[in-house]
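Student: Contents of query17.pdb (PDB, C-alpha atoms, pLDDT in the B column):
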```pdb
ATOM      1  CA  MET A   1      21.669   2.185  15.449  1.00 76.00           C
ATOM      2  CA  PRO A   2      22.930   4.095  12.359  1.00 89.00           C
ATOM      3  CA  ILE A   3      20.484   4.829   9.544  1.00 93.00           C
ATOM      4  CA  LEU A   4      20.609   7.051   6.460  1.00 95.00           C
ATOM      5  CA  ILE A   5      17.705   9.292   5.438  1.00 96.00           C
ATOM      6  CA  VAL A   6      17.689  10.523   1.846  1.00 95.00           C
ATOM      7  CA  GLU A   7      15.038  13.192   1.204  1.00 94.00           C
ATOM      8  CA  ASP A   8      15.203  16.438  -0.791  1.00 92.00           C
ATOM      9  CA  ASN A   9      12.343  18.153   1.064  1.00 92.00           C
ATOM     10  CA  LYS A  10      14.048  19.994   3.939  1.00 93.00           C
ATOM     11  CA  ASP A  11      10.970  20.023   6.184  1.00 93.00           C
ATOM     12  CA  ILE A  12      10.266  16.308   5.764  1.00 93.00           C
ATOM     13  CA  LEU A  13      13.950  15.495   6.237  1.00 94.00           C
ATOM     14  CA  ALA A  14      14.168  17.535   9.447  1.00 94.00           C
ATOM     15  CA  ASN A  15      10.962  16.060  10.892  1.00 92.00           C
ATOM     16  CA  VAL A  16      11.930  12.466  10.097  1.00 93.00           C
ATOM     17  CA  ALA A  17      15.497  12.908  11.326  1.00 93.00           C
ATOM     18  CA  ASP A  18      14.406  14.511  14.607  1.00 91.00           C
ATOM     19  CA  TYR A  19      11.718  11.897  15.232  1.00 91.00           C
ATOM     20  CA  LEU A  20      13.955   8.888  14.568  1.00 90.00           C
ATOM     21  CA  SER A  21      16.798  10.436  16.572  1.00 89.00           C
ATOM     22  CA  MET A  22      14.405  10.887  19.488  1.00 85.00           C
ATOM     23  CA  HIS A  23      13.648   7.157  19.277  1.00 85.00           C
ATOM     24  CA  GLY A  24      17.257   6.082  19.547  1.00 81.00           C
ATOM     25  CA  PHE A  25      18.610   6.063  15.993  1.00 88.00           C
ATOM     26  CA  ALA A  26      21.888   7.663  14.895  1.00 89.00           C
ATOM     27  CA  VAL A  27      20.843   9.534  11.761  1.00 93.00           C
ATOM     28  CA  ASP A  28      22.838  10.666   8.724  1.00 95.00           C
ATOM     29  CA  CYS A  29      21.051  12.815   6.129  1.00 96.00           C
ATOM     30  CA  ALA A  30      21.360  13.472   2.400  1.00 95.00           C
ATOM     31  CA  GLN A  31      19.279  15.752   0.181  1.00 94.00           C
ATOM     32  CA  ASP A  32      20.447  14.467  -3.192  1.00 93.00           C
ATOM     33  CA  GLY A  33      21.453  11.230  -4.838  1.00 91.00           C
ATOM     34  CA  LEU A  34      25.178  11.873  -5.165  1.00 93.00           C
ATOM     35  CA  THR A  35      25.551  12.681  -1.481  1.00 94.00           C
ATOM     36  CA  ALA A  36      23.597   9.555  -0.633  1.00 93.00           C
ATOM     37  CA  LEU A  37      25.868   7.379  -2.790  1.00 93.00           C
ATOM     38  CA  HIS A  38      28.941   8.917  -1.176  1.00 93.00           C
ATOM     39  CA  LEU A  39      27.621   8.224   2.336  1.00 94.00           C
ATOM     40  CA  LEU A  40      26.698   4.667   1.387  1.00 92.00           C
ATOM     41  CA  SER A  41      30.207   4.060   0.047  1.00 91.00           C
ATOM     42  CA  THR A  42      31.924   5.352   3.190  1.00 91.00           C
ATOM     43  CA  ASN A  43      29.614   4.317   6.061  1.00 91.00           C
ATOM     44  CA  SER A  44      27.722   1.291   7.294  1.00 89.00           C
ATOM     45  CA  TYR A  45      23.972   1.580   7.959  1.00 91.00           C
ATOM     46  CA  GLU A  46      21.308  -0.664   9.455  1.00 89.00           C
ATOM     47  CA  LEU A  47      18.670   0.866   7.156  1.00 92.00           C
ATOM     48  CA  VAL A  48      18.208   3.474   4.427  1.00 94.00           C
ATOM     49  CA  VAL A  49      15.042   5.590   4.294  1.00 95.00           C
ATOM     50  CA  LEU A  50      15.068   6.612   0.647  1.00 92.00           C
ATOM     51  CA  ASP A  51      12.918   9.121  -1.225  1.00 91.00           C
ATOM     52  CA  LEU A  52      12.103   8.117  -4.797  1.00 88.00           C
ATOM     53  CA  MET A  53      12.223  11.531  -6.482  1.00 87.00           C
ATOM     54  CA  LEU A  54      15.623  13.146  -5.893  1.00 89.00           C
ATOM     55  CA  PRO A  55      17.790  15.663  -7.756  1.00 87.00           C
ATOM     56  CA  GLY A  56      20.718  14.184  -9.628  1.00 84.00           C
ATOM     57  CA  VAL A  57      20.288  10.451  -9.058  1.00 89.00           C
ATOM     58  CA  ASN A  58      16.815   9.188  -8.194  1.00 88.00           C
ATOM     59  CA  GLY A  59      15.938   6.707  -5.474  1.00 87.00           C
ATOM     60  CA  LEU A  60      15.544   3.733  -7.793  1.00 88.00           C
ATOM     61  CA  GLU A  61      19.033   4.258  -9.223  1.00 90.00           C
ATOM     62  CA  ILE A  62      20.536   4.705  -5.760  1.00 91.00           C
ATOM     63  CA  CYS A  63      18.948   1.469  -4.600  1.00 88.00           C
ATOM     64  CA  HIS A  64      20.084  -0.341  -7.755  1.00 86.00           C
ATOM     65  CA  ARG A  65      23.681   0.889  -7.445  1.00 89.00           C
ATOM     66  CA  ALA A  66      23.830   0.092  -3.741  1.00 88.00           C
ATOM     67  CA  ARG A  67      22.822  -3.493  -4.455  1.00 85.00           C
ATOM     68  CA  ARG A  68      24.690  -4.056  -7.753  1.00 84.00           C
ATOM     69  CA  ASP A  69      27.855  -1.955  -7.526  1.00 85.00           C
ATOM     70  CA  MET A  70      28.458  -1.763  -3.773  1.00 87.00           C
ATOM     71  CA  GLY A  71      27.077  -5.169  -2.807  1.00 85.00           C
ATOM     72  CA  LEU A  72      25.140  -3.654   0.098  1.00 85.00           C
ATOM     73  CA  SER A  73      22.420  -5.741   1.713  1.00 84.00           C
ATOM     74  CA  MET A  74      21.016  -3.335   4.337  1.00 88.00           C
ATOM     75  CA  PRO A  75      17.218  -2.930   4.067  1.00 90.00           C
ATOM     76  CA  VAL A  76      15.772   0.017   2.150  1.00 91.00           C
ATOM     77  CA  LEU A  77      12.480   1.703   3.027  1.00 93.00           C
ATOM     78  CA  MET A  78      11.380   3.760   0.048  1.00 89.00           C
ATOM     79  CA  LEU A  79       9.318   6.961   0.398  1.00 88.00           C
ATOM     80  CA  THR A  80       7.306   8.319  -2.480  1.00 82.00           C
ATOM     81  CA  ALA A  81       4.214  10.252  -3.480  1.00 79.00           C
ATOM     82  CA  LYS A  82       3.554   7.673  -6.216  1.00 71.00           C
ATOM     83  CA  ASP A  83       1.127   5.021  -5.057  1.00 66.00           C
ATOM     84  CA  THR A  84       0.362   2.926  -8.138  1.00 66.00           C
ATOM     85  CA  LEU A  85       1.042  -0.797  -8.154  1.00 66.00           C
ATOM     86  CA  GLU A  86       3.523  -0.329 -11.001  1.00 70.00           C
ATOM     87  CA  ASP A  87       5.533   2.187  -8.974  1.00 67.00           C
ATOM     88  CA  LYS A  88       5.665  -0.126  -5.969  1.00 69.00           C
ATOM     89  CA  LEU A  89       6.679  -3.124  -8.065  1.00 73.00           C
ATOM     90  CA  SER A  90       9.418  -1.050  -9.680  1.00 72.00           C
ATOM     91  CA  GLY A  91      10.732  -0.127  -6.235  1.00 70.00           C
ATOM     92  CA  PHE A  92      10.825  -3.760  -5.125  1.00 76.00           C
ATOM     93  CA  GLU A  93      12.514  -4.805  -8.386  1.00 76.00           C
ATOM     94  CA  HIS A  94      15.275  -2.276  -7.766  1.00 75.00           C
ATOM     95  CA  GLY A  95      15.942  -3.658  -4.282  1.00 76.00           C
ATOM     96  CA  ALA A  96      13.555  -1.888  -1.913  1.00 82.00           C
ATOM     97  CA  ASP A  97      12.330  -3.867   1.101  1.00 85.00           C
ATOM     98  CA  ASP A  98       9.297  -1.761   1.972  1.00 87.00           C
ATOM     99  CA  TYR A  99       7.335   1.126   0.519  1.00 87.00           C
ATOM    100  CA  LEU A 100       5.680   4.035   2.335  1.00 87.00           C
ATOM    101  CA  VAL A 101       3.468   6.500   0.448  1.00 86.00           C
ATOM    102  CA  LYS A 102       3.458  10.231   1.266  1.00 86.00           C
ATOM    103  CA  PRO A 103       1.922  11.760   3.251  1.00 86.00           C
ATOM    104  CA  PHE A 104       2.629   9.392   6.135  1.00 86.00           C
ATOM    105  CA  SER A 105       2.546   9.579   9.916  1.00 87.00           C
ATOM    106  CA  LEU A 106       5.823   9.543  11.783  1.00 89.00           C
ATOM    107  CA  ALA A 107       4.481   6.814  14.055  1.00 85.00           C
ATOM    108  CA  GLU A 108       3.853   4.555  11.043  1.00 87.00           C
ATOM    109  CA  LEU A 109       7.306   5.332   9.661  1.00 90.00           C
ATOM    110  CA  LEU A 110       8.887   4.339  12.979  1.00 89.00           C
ATOM    111  CA  ALA A 111       6.892   1.100  13.085  1.00 87.00           C
ATOM    112  CA  ARG A 112       7.963   0.200   9.555  1.00 88.00           C
ATOM    113  CA  VAL A 113      11.607   1.077  10.224  1.00 91.00           C
ATOM    114  CA  ARG A 114      11.662  -1.196  13.248  1.00 87.00           C
ATOM    115  CA  ALA A 115       9.825  -4.002  11.443  1.00 85.00           C
ATOM    116  CA  VAL A 116      12.134  -3.925   8.418  1.00 87.00           C
ATOM    117  CA  ILE A 117      15.244  -3.982  10.610  1.00 86.00           C
ATOM    118  CA  LEU A 118      13.875  -6.900  12.635  1.00 81.00           C
ATOM    119  CA  ARG A 119      13.113  -8.857   9.464  1.00 81.00           C
ATOM    120  CA  SER A 120      16.613  -8.222   8.169  1.00 79.00           C
ATOM    121  CA  ARG A 121      18.046  -9.609  11.402  1.00 72.00           C
ATOM    122  CA  GLY A 122      16.039 -12.788  11.165  1.00 66.00           C
ATOM    123  CA  GLY A 123      12.924 -11.880  13.081  1.00 57.00           C
ATOM    124  CA  GLU A 124      11.712 -10.761  16.465  1.00 56.00           C
ATOM    125  CA  PRO A 125      13.615 -11.976  19.528  1.00 59.00           C
ATOM    126  CA  ARG A 126      11.573 -14.525  21.465  1.00 72.00           C
ATOM    127  CA  ARG A 127      12.466 -13.168  24.864  1.00 80.00           C
ATOM    128  CA  LEU A 128      14.043 -10.124  26.491  1.00 85.00           C
ATOM    129  CA  GLN A 129      16.330 -10.213  29.503  1.00 88.00           C
ATOM    130  CA  VAL A 130      17.757  -7.568  31.824  1.00 91.00           C
ATOM    131  CA  GLN A 131      19.866  -9.267  34.494  1.00 91.00           C
ATOM    132  CA  ASP A 132      17.542 -11.833  36.118  1.00 93.00           C
ATOM    133  CA  LEU A 133      14.356 -10.226  34.743  1.00 95.00           C
ATOM    134  CA  LEU A 134      12.875 -12.153  31.805  1.00 93.00           C
ATOM    135  CA  LEU A 135      10.017 -11.350  29.427  1.00 92.00           C
ATOM    136  CA  ASP A 136       8.878 -14.203  27.189  1.00 88.00           C
ATOM    137  CA  LEU A 137       7.335 -12.532  24.133  1.00 80.00           C
ATOM    138  CA  GLU A 138       5.656 -15.689  22.861  1.00 76.00           C
ATOM    139  CA  LYS A 139       3.954 -16.654  26.094  1.00 82.00           C
ATOM    140  CA  MET A 140       3.742 -13.032  27.357  1.00 85.00           C
ATOM    141  CA  GLU A 141       5.062 -14.122  30.721  1.00 91.00           C
ATOM    142  CA  VAL A 142       7.322 -12.188  33.094  1.00 94.00           C
ATOM    143  CA  SER A 143       9.630 -13.647  35.713  1.00 94.00           C
ATOM    144  CA  ARG A 144      12.502 -12.521  37.893  1.00 94.00           C
ATOM    145  CA  ASP A 145      14.957 -14.889  39.507  1.00 92.00           C
ATOM    146  CA  LYS A 146      12.750 -17.629  38.034  1.00 91.00           C
ATOM    147  CA  LYS A 147       9.764 -16.386  40.069  1.00 93.00           C
ATOM    148  CA  PRO A 148       6.628 -15.590  37.994  1.00 94.00           C
ATOM    149  CA  ILE A 149       5.377 -11.996  37.997  1.00 95.00           C
ATOM    150  CA  SER A 150       1.841 -10.946  37.129  1.00 93.00           C
ATOM    151  CA  LEU A 151       1.354  -7.748  35.115  1.00 92.00           C
ATOM    152  CA  ASN A 152      -1.640  -6.367  33.244  1.00 92.00           C
ATOM    153  CA  ARG A 153      -1.392  -5.935  29.485  1.00 88.00           C
ATOM    154  CA  THR A 154      -0.542  -2.220  29.474  1.00 91.00           C
ATOM    155  CA  SER A 155       2.126  -2.561  32.146  1.00 92.00           C
ATOM    156  CA  MET A 156       3.658  -5.497  30.314  1.00 91.00           C
ATOM    157  CA  LYS A 157       3.884  -3.417  27.144  1.00 89.00           C
ATOM    158  CA  ILE A 158       5.584  -0.594  29.055  1.00 92.00           C
ATOM    159  CA  LEU A 159       8.009  -3.103  30.539  1.00 93.00           C
ATOM    160  CA  GLU A 160       8.748  -4.441  27.051  1.00 89.00           C
ATOM    161  CA  ILE A 161       9.627  -0.932  25.833  1.00 88.00           C
ATOM    162  CA  LEU A 162      11.941  -0.374  28.798  1.00 91.00           C
ATOM    163  CA  MET A 163      13.628  -3.758  28.330  1.00 88.00           C
ATOM    164  CA  ARG A 164      14.180  -3.211  24.617  1.00 82.00           C
ATOM    165  CA  GLN A 165      15.878   0.131  25.302  1.00 82.00           C
ATOM    166  CA  SER A 166      17.823  -0.988  28.399  1.00 85.00           C
ATOM    167  CA  PRO A 167      20.165   0.398  29.661  1.00 85.00           C
ATOM    168  CA  SER A 168      19.175   3.614  27.861  1.00 83.00           C
ATOM    169  CA  LEU A 169      16.793   6.217  29.224  1.00 86.00           C
ATOM    170  CA  VAL A 170      13.299   6.153  27.707  1.00 86.00           C
ATOM    171  CA  LYS A 171      11.519   9.494  27.693  1.00 86.00           C
ATOM    172  CA  ARG A 172       7.996   9.740  29.112  1.00 86.00           C
ATOM    173  CA  GLU A 173       6.568  11.040  25.826  1.00 84.00           C
ATOM    174  CA  ILE A 174       7.990   8.097  23.887  1.00 82.00           C
ATOM    175  CA  ILE A 175       6.311   5.593  26.206  1.00 86.00           C
ATOM    176  CA  GLU A 176       3.033   7.507  26.161  1.00 85.00           C
ATOM    177  CA  GLU A 177       2.993   7.676  22.363  1.00 81.00           C
ATOM    178  CA  ALA A 178       3.814   3.979  22.005  1.00 79.00           C
ATOM    179  CA  ILE A 179       1.048   2.949  24.419  1.00 83.00           C
ATOM    180  CA  TRP A 180      -1.706   5.488  23.799  1.00 81.00           C
ATOM    181  CA  GLY A 181      -0.847   7.089  20.435  1.00 75.00           C
ATOM    182  CA  ASP A 182      -1.660  10.758  19.860  1.00 69.00           C
ATOM    183  CA  ASP A 183      -4.264  10.889  22.640  1.00 72.00           C
ATOM    184  CA  PRO A 184      -2.527   9.927  25.906  1.00 69.00           C
ATOM    185  CA  PRO A 185      -4.516  10.030  29.171  1.00 73.00           C
ATOM    186  CA  SER A 186      -3.529  12.199  32.117  1.00 70.00           C
ATOM    187  CA  SER A 187       0.086  12.298  33.203  1.00 64.00           C
ATOM    188  CA  ASP A 188      -0.814  10.249  36.267  1.00 83.00           C
ATOM    189  CA  SER A 189      -1.672   7.209  34.128  1.00 87.00           C
ATOM    190  CA  LEU A 190       1.901   6.418  33.143  1.00 90.00           C
ATOM    191  CA  ARG A 191       3.103   7.159  36.670  1.00 90.00           C
ATOM    192  CA  SER A 192       0.548   4.696  38.049  1.00 92.00           C
ATOM    193  CA  HIS A 193       1.684   1.956  35.671  1.00 94.00           C
ATOM    194  CA  ILE A 194       5.341   2.599  36.546  1.00 94.00           C
ATOM    195  CA  HIS A 195       4.470   2.329  40.262  1.00 95.00           C
ATOM    196  CA  TYR A 196       2.657  -0.956  39.559  1.00 95.00           C
ATOM    197  CA  ILE A 197       5.599  -2.344  37.541  1.00 96.00           C
ATOM    198  CA  ARG A 198       8.130  -1.293  40.190  1.00 95.00           C
ATOM    199  CA  ALA A 199       6.105  -2.972  42.938  1.00 95.00           C
ATOM    200  CA  ALA A 200       5.993  -6.181  40.892  1.00 96.00           C
ATOM    201  CA  ILE A 201       9.560  -6.455  39.606  1.00 96.00           C
ATOM    202  CA  ASP A 202      11.568  -4.615  42.300  1.00 95.00           C
ATOM    203  CA  LYS A 203       9.826  -4.596  45.670  1.00 92.00           C
ATOM    204  CA  PRO A 204      10.259  -8.325  46.422  1.00 91.00           C
ATOM    205  CA  PHE A 205      13.951  -8.223  45.434  1.00 93.00           C
ATOM    206  CA  GLU A 206      17.061  -6.674  46.939  1.00 91.00           C
ATOM    207  CA  LYS A 207      18.476  -5.196  43.720  1.00 93.00           C
ATOM    208  CA  LYS A 208      16.356  -2.509  42.053  1.00 95.00           C
ATOM    209  CA  LEU A 209      16.174  -2.382  38.258  1.00 96.00           C
ATOM    210  CA  LEU A 210      13.597   0.311  37.443  1.00 96.00           C
ATOM    211  CA  HIS A 211      14.828   3.869  37.984  1.00 95.00           C
ATOM    212  CA  THR A 212      13.108   7.228  37.522  1.00 94.00           C
ATOM    213  CA  ARG A 213      14.939  10.191  36.020  1.00 91.00           C
ATOM    214  CA  HIS A 214      12.757  13.038  37.252  1.00 90.00           C
ATOM    215  CA  GLY A 215      11.560  15.340  34.515  1.00 85.00           C
ATOM    216  CA  MET A 216      12.973  13.024  31.849  1.00 87.00           C
ATOM    217  CA  GLY A 217      11.768   9.430  31.899  1.00 90.00           C
ATOM    218  CA  TYR A 218      12.663   5.929  33.057  1.00 93.00           C
ATOM    219  CA  VAL A 219      15.503   3.473  32.714  1.00 92.00           C
ATOM    220  CA  LEU A 220      15.749  -0.244  33.373  1.00 92.00           C
ATOM    221  CA  LYS A 221      19.258  -1.345  34.322  1.00 90.00           C
TER     222      LYS A 221
END
```
Can you present the structure in this file as structure tokens?
Tutor:
Amino acid sequence: MPILIVEDNKDILANVADYLSMHGFAVDCAQDGLTALHLLSTNSYELVVLDLMLPGVNGLEICHRARRDMGLSMPVLMLTAKDTLEDKLSGFEHGADDYLVKPFSLAELLARVRAVILRSRGGEPRRLQVQDLLLDLEKMEVSRDKKPISLNRTSMKILEILMRQSPSLVKREIIEEAIWGDDPPSSDSLRSHIHYIRAAIDKPFEKKLLHTRHGMGYVLK
């Protein structure tokens, strides 16, 4: 999923780019407004993470030009150290879709990026499917080959993460952060949940869907 990050602070840019890349995004970077405008005119992005204060052309002008001159409709998440209501309203008036004030946590940034992209696509999918495995997100029910499967809440959330990323590999640390935040339990906790999920969705069936990549993570395919 291609996104553009526009940020003049090299450390922030590197941290954000690495973090979002680790979570499955294809990231382009710009440290000034002119470079950002050039990338926007030559590439297609699902989202732009845009700093407000930039050398050359500021974030508000970039957003305004992208909407007015280029006719671009991709969502824009604006980053800024300014947190007054007037600043936020100005950002929205120039075409921003969301606003995140510095300093921010990378986990919150990721959550907002995903939420903004989902809104731009018309909302959250109501169910996920990998072959004959179904997860109904409204009813929070799991079934395979039309047979109901019982999972506890944590295991169901892990399964949701794996299904959303299928058929890609999901690293252990990404799952642990999504489930337990910055204070994950022992390494055996995730392994126990994976064992529980595998017994529920794979053991009764001939074809196995949940695979372990030792030392790396898990993949559902």
Student: Identify the residues around (6.6, 1.4, 37.2) within a radius of 10 Å, measuring from all atoms listed in the file in the coordinates stated by the file, and give them as a VMD selection string.
Tutor: chain A and resid 155 158 to 159 190 to 202 210 to 212 218
Student: With 8 Å of padding per side, what axis-aligned box (centre and edge lengths, Å, one decimal) covers all the listed atoms of range 195-202 of chain A? Give it as JSON.
Tutor:
```
{"center_x": 7.1, "center_y": -2.1, "center_z": 40.2, "size_x": 24.9, "size_y": 24.8, "size_z": 21.4}
```
Student: Calculated over only C-alpha atoms, which of the candidates A:Leu37, A:Leu209, A:Met74, A:Met1 has the smallest distance to Ile62 in chain A?
Tutor: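 Among A:Leu37, A:Leu209, A:Met74, A:Met1, it is A:Leu37 that comes nearest to Ile62 in chain A.
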Student: Write out as a list in words the residues lying within 6 Å of range 98-109 of chain A, counting all atoms listed in the file and excluding same-chain residues fewer than 3 positions away.
Tutor: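 Returned residues: Leu77, Met78, Leu79, Thr80, Ala81 and Arg112 of chain A.
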Student: Report, in Å to a single decimal, how far apart CA of Cys63 in chain A and CA of Gly33 in chain A are.
Tutor: 10.1 Å
Student: Give me, as an mmCIF file with C-alpha atoms, in the coordinates of the input, all polymer residues having an atom no more than 10 Å from Glu61 in chain A, counting only C-alpha atoms and skipping those fewer than 2 positions away in the same chain.
Tutor:
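Result went into around_30.cif, see below:
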```cif
data_model
loop_
_atom_site.group_PDB
_atom_site.id
_atom_site.type_symbol
_atom_site.label_atom_id
_atom_site.label_comp_id
_atom_site.auth_asym_id
_atom_site.auth_seq_id
_atom_site.Cartn_x
_atom_site.Cartn_y
_atom_site.Cartn_z
ATOM 1 C CA GLY A 33 21.453 11.230 -4.838
ATOM 2 C CA LEU A 37 25.868 7.379 -2.790
ATOM 3 C CA LEU A 52 12.103 8.117 -4.797
ATOM 4 C CA VAL A 57 20.288 10.451 -9.058
ATOM 5 C CA ASN A 58 16.815 9.188 -8.194
ATOM 6 C CA GLY A 59 15.938 6.707 -5.474
ATOM 7 C CA CYS A 63 18.948 1.469 -4.600
ATOM 8 C CA HIS A 64 20.084 -0.341 -7.755
ATOM 9 C CA ARG A 65 23.681 0.889 -7.445
ATOM 10 C CA ALA A 66 23.830 0.092 -3.741
ATOM 11 C CA ARG A 67 22.822 -3.493 -4.455
ATOM 12 C CA GLY A 91 10.732 -0.127 -6.235
ATOM 13 C CA HIS A 94 15.275 -2.276 -7.766
ATOM 14 C CA GLY A 95 15.942 -3.658 -4.282
#
```
Student: Find the residues near Asp132 in chain A: any atom within 10 Å, counting all atoms listed in the file, skip ones fewer than 4 places away on the same chain, and give them as a PyMOL selection string.
Tutor: chain A and resi 143-147+209
